[in-house]
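So this block is final-v2.txt, compact mmCIF, C-alpha atoms and all ligand atoms:
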# COMPACT_ATOMS: atom_id res chain seq x y z
CA MET A 135 167.82 94.45 211.31
CA SER A 136 165.10 91.91 211.99
CA GLU A 137 165.40 88.42 210.58
CA ARG A 138 162.36 88.94 208.33
CA SER A 139 163.69 92.04 206.67
CA CYS A 140 167.05 90.45 205.81
CA LEU A 141 165.73 87.48 203.84
CA SER A 142 163.00 86.47 201.43
CA PHE A 143 161.23 83.17 200.82
CA ASP A 144 160.54 84.16 197.23
CA PRO A 145 163.36 84.19 194.71
CA ASP A 146 164.35 87.55 193.26
CA LEU A 147 163.83 86.53 189.65
CA ALA A 148 164.88 89.86 188.19
CA ARG A 149 168.17 89.74 190.07
CA LEU A 150 168.82 86.10 189.15
CA SER A 151 168.21 86.87 185.52
CA SER A 152 170.44 89.93 185.62
CA ILE A 153 173.31 87.93 187.19
CA TYR A 154 172.84 85.17 184.62
CA GLY A 155 172.74 87.62 181.72
CA LYS A 156 175.83 89.55 182.77
CA MET A 157 177.91 86.56 183.86
CA ARG A 158 181.31 86.29 182.15
CA THR A 159 183.31 84.21 184.62
CA LEU A 160 181.73 81.61 186.87
CA VAL A 161 183.26 79.62 189.71
CA ILE A 162 181.51 76.35 190.56
CA LYS A 163 182.44 74.79 193.89
CA VAL A 164 181.66 71.11 194.18
CA GLY A 165 181.62 69.55 197.64
CA SER A 166 182.79 66.06 198.64
CA ALA A 167 179.22 64.97 199.40
CA VAL A 168 178.19 65.72 195.81
CA LEU A 169 181.18 63.97 194.27
CA THR A 170 181.26 60.88 196.39
CA ALA A 171 179.49 57.74 195.18
CA SER A 172 177.76 55.38 197.62
CA ASP A 173 180.84 53.09 197.63
CA GLY A 174 182.98 56.07 198.77
CA GLY A 175 184.78 56.59 195.43
CA VAL A 176 184.40 59.48 192.99
CA SER A 177 180.91 59.47 191.46
CA VAL A 178 181.25 59.29 187.68
CA LYS A 179 177.58 60.23 187.35
CA ALA A 180 177.93 63.42 189.41
CA LEU A 181 181.04 64.50 187.53
CA SER A 182 179.44 63.88 184.19
CA LEU A 183 176.35 65.92 185.16
CA ILE A 184 178.53 68.83 186.27
CA ALA A 185 180.80 68.59 183.21
CA GLY A 186 177.64 68.91 181.08
CA GLU A 187 176.63 72.05 182.99
CA VAL A 188 180.13 73.48 182.52
CA GLN A 189 179.92 72.84 178.81
CA LYS A 190 176.55 74.62 178.55
CA GLN A 191 178.00 77.74 180.16
CA ARG A 192 181.09 77.66 177.98
CA ALA A 193 178.87 77.46 174.92
CA ARG A 194 177.45 80.83 176.07
CA GLY A 195 180.97 82.27 176.16
CA ILE A 196 181.38 81.99 179.95
CA SER A 197 184.75 81.05 181.46
CA VAL A 198 184.38 78.45 184.18
CA VAL A 199 186.63 77.55 187.10
CA ILE A 200 185.84 74.45 189.17
CA VAL A 201 186.81 74.23 192.83
CA SER A 202 186.59 70.54 193.61
CA SER A 203 186.73 68.76 196.94
CA GLY A 204 186.92 64.99 197.11
CA ALA A 205 190.64 64.22 197.29
CA VAL A 206 190.54 62.88 200.84
CA ALA A 207 187.29 61.00 200.16
CA ALA A 208 188.79 59.36 197.04
CA GLY A 209 191.98 58.47 198.94
CA ARG A 210 189.98 56.94 201.78
CA LYS A 211 188.31 54.61 199.30
CA THR A 212 191.56 53.54 197.62
CA LEU A 213 193.30 52.98 200.95
CA SER A 214 190.21 51.28 202.47
CA LEU A 215 190.09 53.76 205.34
CA GLY A 216 186.30 53.83 205.72
CA ARG A 217 184.89 56.86 207.54
CA LYS A 218 187.03 56.66 210.65
CA PRO A 219 188.79 59.83 211.88
CA LEU A 220 192.27 60.14 210.36
CA SER A 221 195.53 61.45 211.79
CA LEU A 222 197.02 64.45 209.96
CA ALA A 223 199.63 62.24 208.28
CA MET A 224 196.98 59.77 207.07
CA LYS A 225 194.78 62.59 205.80
CA GLN A 226 197.74 63.99 203.85
CA ALA A 227 198.48 60.53 202.46
CA ALA A 228 194.83 59.97 201.52
CA ALA A 229 194.76 63.35 199.78
CA SER A 230 197.94 62.54 197.82
CA VAL A 231 196.44 59.28 196.60
CA GLY A 232 192.95 60.70 196.08
CA GLN A 233 193.81 63.97 194.32
CA ASN A 234 195.30 61.98 191.48
CA ARG A 235 192.15 59.91 191.07
CA LEU A 236 189.90 62.92 191.47
CA MET A 237 191.76 64.82 188.78
CA TRP A 238 191.73 61.85 186.46
CA SER A 239 187.94 61.61 186.89
CA TRP A 240 187.57 65.32 186.03
CA GLU A 241 189.82 64.86 183.00
CA LYS A 242 187.63 62.07 181.72
CA ALA A 243 184.33 63.86 182.42
CA LEU A 244 185.45 67.15 180.85
CA SER A 245 187.22 65.62 177.88
CA ARG A 246 183.90 64.11 176.75
CA HIS A 247 182.98 67.72 175.98
CA LYS A 248 186.41 68.38 174.46
CA ILE A 249 187.35 70.53 177.44
CA THR A 250 190.94 70.61 178.64
CA ALA A 251 191.25 70.57 182.42
CA ALA A 252 194.17 71.96 184.44
CA GLN A 253 194.98 71.14 188.05
CA VAL A 254 195.71 74.03 190.44
CA LEU A 255 196.53 73.11 194.04
CA LEU A 256 196.72 75.95 196.52
CA SER A 257 198.10 76.61 199.98
CA PRO A 258 197.17 79.67 202.09
CA TYR A 259 200.46 81.50 201.43
CA ASP A 260 199.69 81.44 197.71
CA VAL A 261 197.01 84.01 198.40
CA ILE A 262 198.48 85.74 201.48
CA GLU A 263 201.78 86.77 199.87
CA ARG A 264 201.46 89.47 197.27
CA ASP A 265 204.03 88.01 194.82
CA ARG A 266 202.46 84.58 194.91
CA PHE A 267 199.00 86.10 194.58
CA THR A 268 199.92 88.04 191.44
CA ASN A 269 201.65 84.98 190.04
CA LEU A 270 198.51 82.94 190.63
CA ASP A 271 196.41 85.68 189.08
CA ARG A 272 198.55 85.43 185.94
CA THR A 273 198.30 81.63 185.87
CA PHE A 274 194.50 81.70 186.01
CA GLU A 275 194.33 84.47 183.43
CA THR A 276 196.49 82.47 181.02
CA LEU A 277 194.57 79.23 181.55
CA LEU A 278 191.24 80.95 180.98
CA SER A 279 192.53 82.78 177.92
CA LEU A 280 193.48 79.38 176.49
CA GLY A 281 189.94 78.09 177.05
CA ILE A 282 191.07 75.67 179.76
CA VAL A 283 188.96 74.82 182.80
CA PRO A 284 191.09 75.06 185.97
CA VAL A 285 190.14 72.47 188.60
CA VAL A 286 191.26 73.86 191.94
CA ASN A 287 191.67 72.19 195.32
CA GLU A 288 193.59 72.88 198.49
CA ASN A 289 197.03 71.25 198.43
CA ASP A 290 195.90 68.87 201.16
CA SER A 291 199.02 66.71 201.08
CA VAL A 292 200.99 69.54 202.73
CA ALA A 293 198.12 71.20 204.64
CA THR A 294 198.35 71.16 208.43
CA GLN A 295 195.87 72.13 211.12
CA GLU A 296 197.46 75.58 211.36
CA ILE A 297 198.31 76.16 207.70
CA ARG A 298 195.24 75.39 205.65
CA PHE A 299 192.33 77.26 204.11
CA GLY A 300 189.94 75.51 206.41
CA ASP A 301 187.54 74.32 203.79
CA ASN A 302 186.82 74.60 200.10
CA ASP A 303 183.87 76.98 200.61
CA GLN A 304 186.32 79.63 201.81
CA LEU A 305 188.80 78.65 199.12
CA SER A 306 186.19 79.01 196.37
CA ALA A 307 185.29 82.57 197.43
CA LYS A 308 188.99 83.46 197.33
CA VAL A 309 189.45 81.85 193.92
CA ALA A 310 186.40 83.78 192.68
CA ALA A 311 188.05 87.03 193.81
CA ILE A 312 191.32 86.16 192.08
CA VAL A 313 189.66 85.33 188.75
CA ARG A 314 187.25 88.28 189.13
CA ALA A 315 184.28 85.96 188.81
CA ASP A 316 180.82 87.48 188.51
CA PHE A 317 179.28 84.60 190.39
CA LEU A 318 180.15 81.70 192.69
CA LEU A 319 177.82 78.71 192.76
CA ILE A 320 178.32 76.23 195.58
CA LEU A 321 176.98 72.77 194.73
CA SER A 322 176.32 70.95 197.94
CA ASP A 323 174.28 68.15 199.49
CA VAL A 324 172.38 70.92 201.31
CA SER A 325 169.96 72.31 198.76
CA ALA A 326 169.51 75.80 200.25
CA LEU A 327 169.53 77.84 203.43
CA PHE A 328 166.52 76.78 205.51
CA THR A 329 164.85 78.40 208.51
CA ALA A 330 165.45 75.13 210.40
CA ASP A 331 167.00 71.76 209.70
CA PRO A 332 164.64 70.28 207.06
CA ARG A 333 165.63 66.72 208.03
CA ILE A 334 164.13 67.07 211.49
CA ASP A 335 161.69 69.96 211.17
CA SER A 336 158.94 69.66 208.57
CA SER A 337 158.06 73.35 208.97
CA ALA A 338 161.53 74.39 207.71
CA LYS A 339 161.25 76.82 204.81
CA ARG A 340 163.72 77.51 202.04
CA VAL A 341 165.20 80.99 202.13
CA ALA A 342 165.43 81.88 198.44
CA TYR A 343 167.01 85.31 198.65
CA VAL A 344 169.37 86.92 201.14
CA PRO A 345 170.16 90.56 200.26
CA ALA A 346 173.14 90.71 202.65
CA VAL A 347 174.63 88.32 205.20
CA THR A 348 173.80 89.69 208.64
CA SER A 349 174.40 88.16 212.04
CA ASP A 350 170.78 86.88 211.98
CA ILE A 351 171.57 84.97 208.80
CA ARG A 352 174.75 83.57 210.29
CA LYS A 353 172.78 82.36 213.29
CA MET A 354 170.31 80.67 211.00
CA ALA A 355 173.13 78.98 209.09
CA GLY A 356 174.24 77.28 212.28
CA ILE A 357 170.91 75.48 212.33
CA SER A 358 171.08 73.39 209.17
CA ARG A 359 174.31 71.46 208.83
CA SER A 360 175.59 68.97 206.33
CA GLY A 361 177.14 65.78 207.68
CA LEU A 362 179.85 65.35 205.04
CA GLY A 363 182.84 67.44 204.01
CA THR A 364 184.43 69.99 206.30
CA GLY A 365 182.11 72.85 205.46
CA GLY A 366 178.53 72.60 206.69
CA MET A 367 176.10 75.43 206.10
CA SER A 368 177.86 77.94 208.34
CA SER A 369 181.03 77.82 206.27
CA LYS A 370 179.00 78.33 203.09
CA VAL A 371 177.38 81.37 204.62
CA LEU A 372 180.78 82.63 205.71
CA ALA A 373 181.99 82.25 202.12
CA ALA A 374 178.87 84.14 200.95
CA SER A 375 179.54 86.81 203.55
CA ASP A 376 183.15 87.18 202.35
CA GLY A 377 181.99 87.29 198.74
CA GLY A 378 179.33 89.87 199.58
CA SER A 379 181.89 92.18 201.08
CA TRP A 380 183.96 92.25 197.89
CA GLY A 381 180.96 92.44 195.57
CA LEU A 382 180.53 88.77 194.64
CA PRO A 383 177.04 87.24 194.71
CA VAL A 384 177.05 83.60 195.86
CA GLY A 385 174.51 80.83 195.25
CA ILE A 386 174.03 77.59 197.17
CA VAL A 387 172.12 74.75 195.60
CA GLY A 388 171.79 70.96 195.83
CA GLY A 389 174.30 69.60 193.37
CA MET A 390 172.99 66.22 192.39
CA LYS A 391 170.23 67.03 189.90
CA PRO A 392 170.34 67.47 186.13
CA ARG A 393 170.02 71.05 184.79
CA ILE A 394 170.91 72.40 188.19
CA LEU A 395 172.17 75.76 186.90
CA ASP A 396 168.91 76.39 185.05
CA ARG A 397 166.92 75.39 188.11
CA PHE A 398 168.95 77.76 190.28
CA PHE A 399 168.77 80.74 187.93
CA LEU A 400 165.03 80.22 187.41
CA GLY A 401 164.64 80.50 191.17
CA LYS A 402 163.29 76.97 191.56
CA GLU A 403 166.00 75.85 193.96
CA GLY A 404 168.75 77.10 196.21
CA THR A 405 169.55 80.38 197.93
CA LEU A 406 171.02 83.50 196.38
CA PHE A 407 173.22 85.50 198.74
CA ASP A 408 173.43 88.85 197.07
CA ALA A 409 176.24 91.38 197.14
CA LYS A 410 175.29 94.99 197.46
CA SER A 411 178.71 96.52 197.16
CA ILE A 412 180.34 97.24 193.81
CA PRO A 413 182.77 94.47 192.80
CA GLN A 414 186.24 95.36 194.04
CA SER A 415 189.44 94.83 192.08
CA SER A 416 191.39 91.72 193.03
CA LYS A 417 194.16 93.98 194.38
CA LYS A 418 191.74 95.66 196.79
CA VAL A 419 190.34 92.29 197.83
CA TRP A 420 193.87 91.08 198.47
CA ILE A 421 194.66 94.14 200.61
CA GLY A 422 191.41 94.01 202.55
CA TYR A 423 190.92 90.32 203.11
CA PHE A 424 193.93 88.13 202.27
CA SER A 425 197.03 90.10 203.26
CA ARG A 426 198.64 89.95 206.70
CA PRO A 427 199.00 93.53 208.03
CA SER A 428 202.30 94.43 209.68
CA GLY A 429 201.12 97.33 211.86
CA ASP A 430 198.58 100.07 212.45
CA LEU A 431 198.10 103.68 211.43
CA VAL A 432 195.86 105.63 213.80
CA LEU A 433 194.02 108.44 211.98
CA ASP A 434 192.39 111.65 213.16
CA ALA A 435 188.68 112.20 212.50
CA GLY A 436 189.35 114.40 209.46
CA ALA A 437 191.45 111.70 207.77
CA VAL A 438 188.82 109.03 208.48
CA GLU A 439 186.18 111.28 206.96
CA ALA A 440 188.39 112.02 203.93
CA ILE A 441 189.16 108.41 203.04
CA LYS A 442 185.68 107.06 203.84
CA ARG A 443 183.35 109.73 202.54
CA ARG A 444 185.47 111.72 200.10
CA LYS A 445 187.39 108.66 198.84
CA THR A 446 190.77 110.39 198.92
CA SER A 447 194.26 109.04 199.58
CA LEU A 448 195.56 109.08 203.14
CA LEU A 449 197.94 111.99 203.71
CA LEU A 450 200.67 112.19 206.33
CA PRO A 451 199.13 114.98 208.46
CA GLY A 452 196.06 112.79 209.14
CA ILE A 453 198.15 110.18 210.98
CA VAL A 454 198.11 110.59 214.76
CA ARG A 455 200.49 107.70 215.49
CA THR A 456 201.77 104.35 214.24
CA GLU A 457 201.77 101.00 216.00
CA GLY A 458 204.23 98.22 215.22
CA ASP A 459 207.24 98.33 212.92
CA PHE A 460 206.55 98.13 209.23
CA SER A 461 208.37 98.82 205.98
CA LYS A 462 207.41 100.72 202.87
CA GLY A 463 205.15 98.45 200.76
CA ASP A 464 203.70 96.56 203.75
CA VAL A 465 199.97 96.33 204.39
CA VAL A 466 198.82 98.21 207.49
CA CYS A 467 195.49 98.53 209.29
CA LEU A 468 193.93 101.99 209.38
CA ARG A 469 192.10 102.78 212.61
CA SER A 470 190.17 105.69 214.01
CA MET A 471 191.30 107.17 217.33
CA ASP A 472 188.76 105.06 219.24
CA GLY A 473 190.38 101.91 217.82
CA GLN A 474 187.74 101.09 215.17
CA LEU A 475 189.06 99.43 212.04
CA VAL A 476 188.43 101.67 209.02
CA GLY A 477 190.25 99.65 206.37
CA LYS A 478 193.64 98.40 205.25
CA GLY A 479 196.17 99.76 202.81
CA ILE A 480 199.66 99.52 201.38
CA THR A 481 201.87 102.15 202.99
CA ARG A 482 204.34 104.19 200.97
CA LEU A 483 206.34 105.07 204.08
CA SER A 484 207.87 102.85 206.77
CA SER A 485 206.87 103.31 210.42
CA MET A 486 210.26 104.96 211.02
CA ASP A 487 209.73 107.39 208.13
CA ILE A 488 206.30 108.35 209.42
CA ARG A 489 207.50 108.90 212.97
CA GLY A 490 210.52 110.89 211.78
CA ASN A 491 208.67 113.07 209.29
CA PRO A 492 207.67 116.64 210.18
CA VAL A 493 203.87 116.71 209.81
CA SER A 494 203.41 119.06 206.93
CA GLY A 495 202.51 119.07 203.27
CA GLY A 496 200.46 116.57 201.37
CA ILE A 497 202.70 113.48 201.38
CA ILE A 498 200.59 110.47 200.40
CA VAL A 499 201.06 107.58 202.80
CA VAL A 500 198.37 105.28 201.41
CA HIS A 501 197.21 105.98 197.88
CA VAL A 502 193.49 105.60 197.23
CA ASN A 503 194.25 102.78 194.72
CA ASP A 504 196.06 100.88 197.49
CA LEU A 505 193.27 101.29 200.02
CA SER A 506 190.57 98.77 200.90
CA LEU A 507 187.84 100.18 203.12
CA LEU A 508 185.86 98.04 205.48
CA ASP A 509 182.35 97.26 204.31
CA ASP A 510 180.16 98.13 207.31
CA GLN A 511 177.08 96.80 205.56
CA ASN A 512 178.37 93.25 205.58
CA ASP A 513 179.32 93.06 209.25
CA GLN A 514 182.96 92.42 208.40
CA LYS A 515 184.21 93.89 211.67
CA GLU A 516 182.92 90.84 213.40
CA LEU A 517 184.49 88.42 210.95
CA ARG A 518 187.85 89.76 209.94
CA PRO A 519 189.58 91.52 212.81
CA CYS A 520 192.82 93.19 211.85
N1 LIG B 601 190.23 69.67 200.13
C1 LIG B 601 189.46 68.60 200.71
C2 LIG B 601 189.44 67.39 199.79
O1 LIG B 601 189.67 67.52 198.61
C3 LIG B 601 188.04 68.99 200.95
C4 LIG B 601 187.80 70.17 201.83
C5 LIG B 601 186.34 70.58 201.85
O2 LIG B 601 185.49 69.83 201.41
O3 LIG B 601 186.03 71.64 202.34
O4 LIG B 601 189.16 66.32 200.25
Just give me the structure as structure tokens.
Amino acid sequence: MSERSCLSFDPDLARLSSIYGKMRTLVIKVGSAVLTASDGGVSVKALSLIAGEVQKQRARGISVVIVSSGAVAAGRKTLSLGRKPLSLAMKQAAASVGQNRLMWSWEKALSRHKITAAQVLLSPYDVIERDRFTNLDRTFETLLSLGIVPVVNENDSVATQEIRFGDNDQLSAKVAAIVRADFLLILSDVSALFTADPRIDSSAKRVAYVPAVTSDIRKMAGISRSGLGTGGMSSKVLAASDGGSWGLPVGIVGGMKPRILDRFFLGKEGTLFDAKSIPQSSKKVWIGYFSRPSGDLVLDAGAVEAIKRRKTSLLLPGIVRTEGDFSKGDVVCLRSMDGQLVGKGITRLSSMDIRGNPVSGGIIVVHVNDLSLLDDQNDQKELRPC
């Protein structure tokens, strides 16, 4: 697909208005650059602007979840650490100090609108492990049913280089999947996706609408980068790409202006990354994107055809062989005989059971409800190898 055909410089007003009209649950991700005042502390002004926007949506009956960065930045200020690079231990310490202040600032900003805030700090295993995922799902559901606004951040005080989400853009897309949000809006210091870096290239144009994140779009995202936070534009586009594959449209807009949600939904600012696929259930998103598969099932062409085109369950006779040792209830990758990833699913039989079973009858190995098929349209093969 050519670059031109996969983006538009004009906003898709009909689509924006349809998303706005149908929205029931909204996740707003707020980046460190938006929340940080010029002295390095938490910006009371920014928080109060965002709290006002949250209140407006709640008045329309929309549940809102905030994913807020800023713990490390707030801790840096309190500990007088400036902008110098920090060791892991110092970053964890800064986050421990800063998260408290950050949360207190949210409490104050939201309570002015009589909104109760709740802190939710997450580590990767909270979404990778099925039990923890369902537990988290229940927590969010209960908080939202009580009219509370969850304020989510990574649990940075225990995050390490290896065990961390990476950045809050990725985290916000995951949170949006867990709470079954209809929309994720990323408030950033970068006001949109541009064709070039607008700070150095005056010909840079705002891309207002991206129907699907393609490799061309990802290349373009590498061009304009934000200096603050861990994300940058490429990680926002990656979050939009993830969201797109599980049916979540994602918006990116500059976060520091009043009435920013109105401005975004009227198409005046920002970029809408659309999602073409039908929203998937959080269970299917968990299987397809968050779980850690324990092995592979290699399928014959008929089985691939059946699960992809006819949307059936995977039956035992369609399995050519297994790879790896896995138990009943584990997530496995489903591959075609040429090694292509077709999807992932929860197996009802262990690898030993499958190998030992005479290939006959219609024993279901992966039920259609436990199957998450790869979305070819969103280039996920490239991004999420099994
Ligand atoms: N969790 C980090 C913090 O609160 C921010 C990570 C990010 O901005 O992506 O400081």
Go through chain A residue by residue and, counting only C-alpha atoms and all ligand atoms, keep those with an atom at most 9 Å from ligand LIG 601 (chain B); for each kept residue give the shortest atom pair and its distance in Å to one decimal, ordered by chain and increasing number, as JSON lines.
{"residue": "A:Val164", "atom": "CA", "partner": "B:LIG601", "partner_atom": "O2", "distance": 8.3}
{"residue": "A:Gly165", "atom": "CA", "partner": "B:LIG601", "partner_atom": "O2", "distance": 5.4}
{"residue": "A:Ser166", "atom": "CA", "partner": "B:LIG601", "partner_atom": "O2", "distance": 5.4}
{"residue": "A:Ala167", "atom": "CA", "partner": "B:LIG601", "partner_atom": "O2", "distance": 8.2}
{"residue": "A:Ser202", "atom": "CA", "partner": "B:LIG601", "partner_atom": "O1", "distance": 6.6}
{"residue": "A:Ser203", "atom": "CA", "partner": "B:LIG601", "partner_atom": "O1", "distance": 3.6}
{"residue": "A:Gly204", "atom": "CA", "partner": "B:LIG601", "partner_atom": "O1", "distance": 4.0}
{"residue": "A:Ala205", "atom": "CA", "partner": "B:LIG601", "partner_atom": "O1", "distance": 3.7}
{"residue": "A:Val206", "atom": "CA", "partner": "B:LIG601", "partner_atom": "O4", "distance": 3.8}
{"residue": "A:Ala207", "atom": "CA", "partner": "B:LIG601", "partner_atom": "O4", "distance": 5.6}
{"residue": "A:Ala208", "atom": "CA", "partner": "B:LIG601", "partner_atom": "O4", "distance": 7.7}
{"residue": "A:Gly209", "atom": "CA", "partner": "B:LIG601", "partner_atom": "O4", "distance": 8.4}
{"residue": "A:Lys225", "atom": "CA", "partner": "B:LIG601", "partner_atom": "O4", "distance": 8.7}
{"residue": "A:Ala228", "atom": "CA", "partner": "B:LIG601", "partner_atom": "O4", "distance": 8.6}
{"residue": "A:Ala229", "atom": "CA", "partner": "B:LIG601", "partner_atom": "O4", "distance": 6.4}
{"residue": "A:Gly232", "atom": "CA", "partner": "B:LIG601", "partner_atom": "O4", "distance": 8.0}
{"residue": "A:Gln233", "atom": "CA", "partner": "B:LIG601", "partner_atom": "O1", "distance": 6.9}
{"residue": "A:Leu236", "atom": "CA", "partner": "B:LIG601", "partner_atom": "O1", "distance": 8.5}
{"residue": "A:Asn287", "atom": "CA", "partner": "B:LIG601", "partner_atom": "N1", "distance": 5.6}
{"residue": "A:Glu288", "atom": "CA", "partner": "B:LIG601", "partner_atom": "N1", "distance": 4.9}
{"residue": "A:Asn289", "atom": "CA", "partner": "B:LIG601", "partner_atom": "N1", "distance": 7.2}
{"residue": "A:Asp290", "atom": "CA", "partner": "B:LIG601", "partner_atom": "N1", "distance": 5.8}
{"residue": "A:Phe299", "atom": "CA", "partner": "B:LIG601", "partner_atom": "O3", "distance": 8.6}
{"residue": "A:Gly300", "atom": "CA", "partner": "B:LIG601", "partner_atom": "O3", "distance": 6.8}
{"residue": "A:Asp301", "atom": "CA", "partner": "B:LIG601", "partner_atom": "O3", "distance": 3.4}
{"residue": "A:Asn302", "atom": "CA", "partner": "B:LIG601", "partner_atom": "O3", "distance": 3.8}
{"residue": "A:Asp303", "atom": "CA", "partner": "B:LIG601", "partner_atom": "O3", "distance": 6.0}
{"residue": "A:Gln304", "atom": "CA", "partner": "B:LIG601", "partner_atom": "O3", "distance": 8.0}
{"residue": "A:Leu305", "atom": "CA", "partner": "B:LIG601", "partner_atom": "O3", "distance": 8.2}
{"residue": "A:Leu362", "atom": "CA", "partner": "B:LIG601", "partner_atom": "O2", "distance": 8.1}
{"residue": "A:Gly363", "atom": "CA", "partner": "B:LIG601", "partner_atom": "O2", "distance": 4.4}
{"residue": "A:Thr364", "atom": "CA", "partner": "B:LIG601", "partner_atom": "O3", "distance": 4.6}
{"residue": "A:Gly365", "atom": "CA", "partner": "B:LIG601", "partner_atom": "O3", "distance": 5.2}
{"residue": "A:Gly366", "atom": "CA", "partner": "B:LIG601", "partner_atom": "O3", "distance": 8.7}
{"residue": "A:Ser369", "atom": "CA", "partner": "B:LIG601", "partner_atom": "O3", "distance": 8.9}
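The residue that comes closest to Pro345 of chain A, out of A:Ala409, A:Val199, A:Leu372, A:Leu183 and on the basis of all atoms listed in the file, is A:Ala409.
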| remark: One decimal place gives the atom CA of Ser411 of chain A-atom CA of Ala355 of chain A separation as 21.9 Å
| remark: atom CA of Gly429 of chain A sits from atom CA of Ser461 of chain A at a separation of 9.5 Å
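Between atom CA of Asp408 of chain A and atom CA of Pro284 of chain A lies a distance of 25.0 Å.
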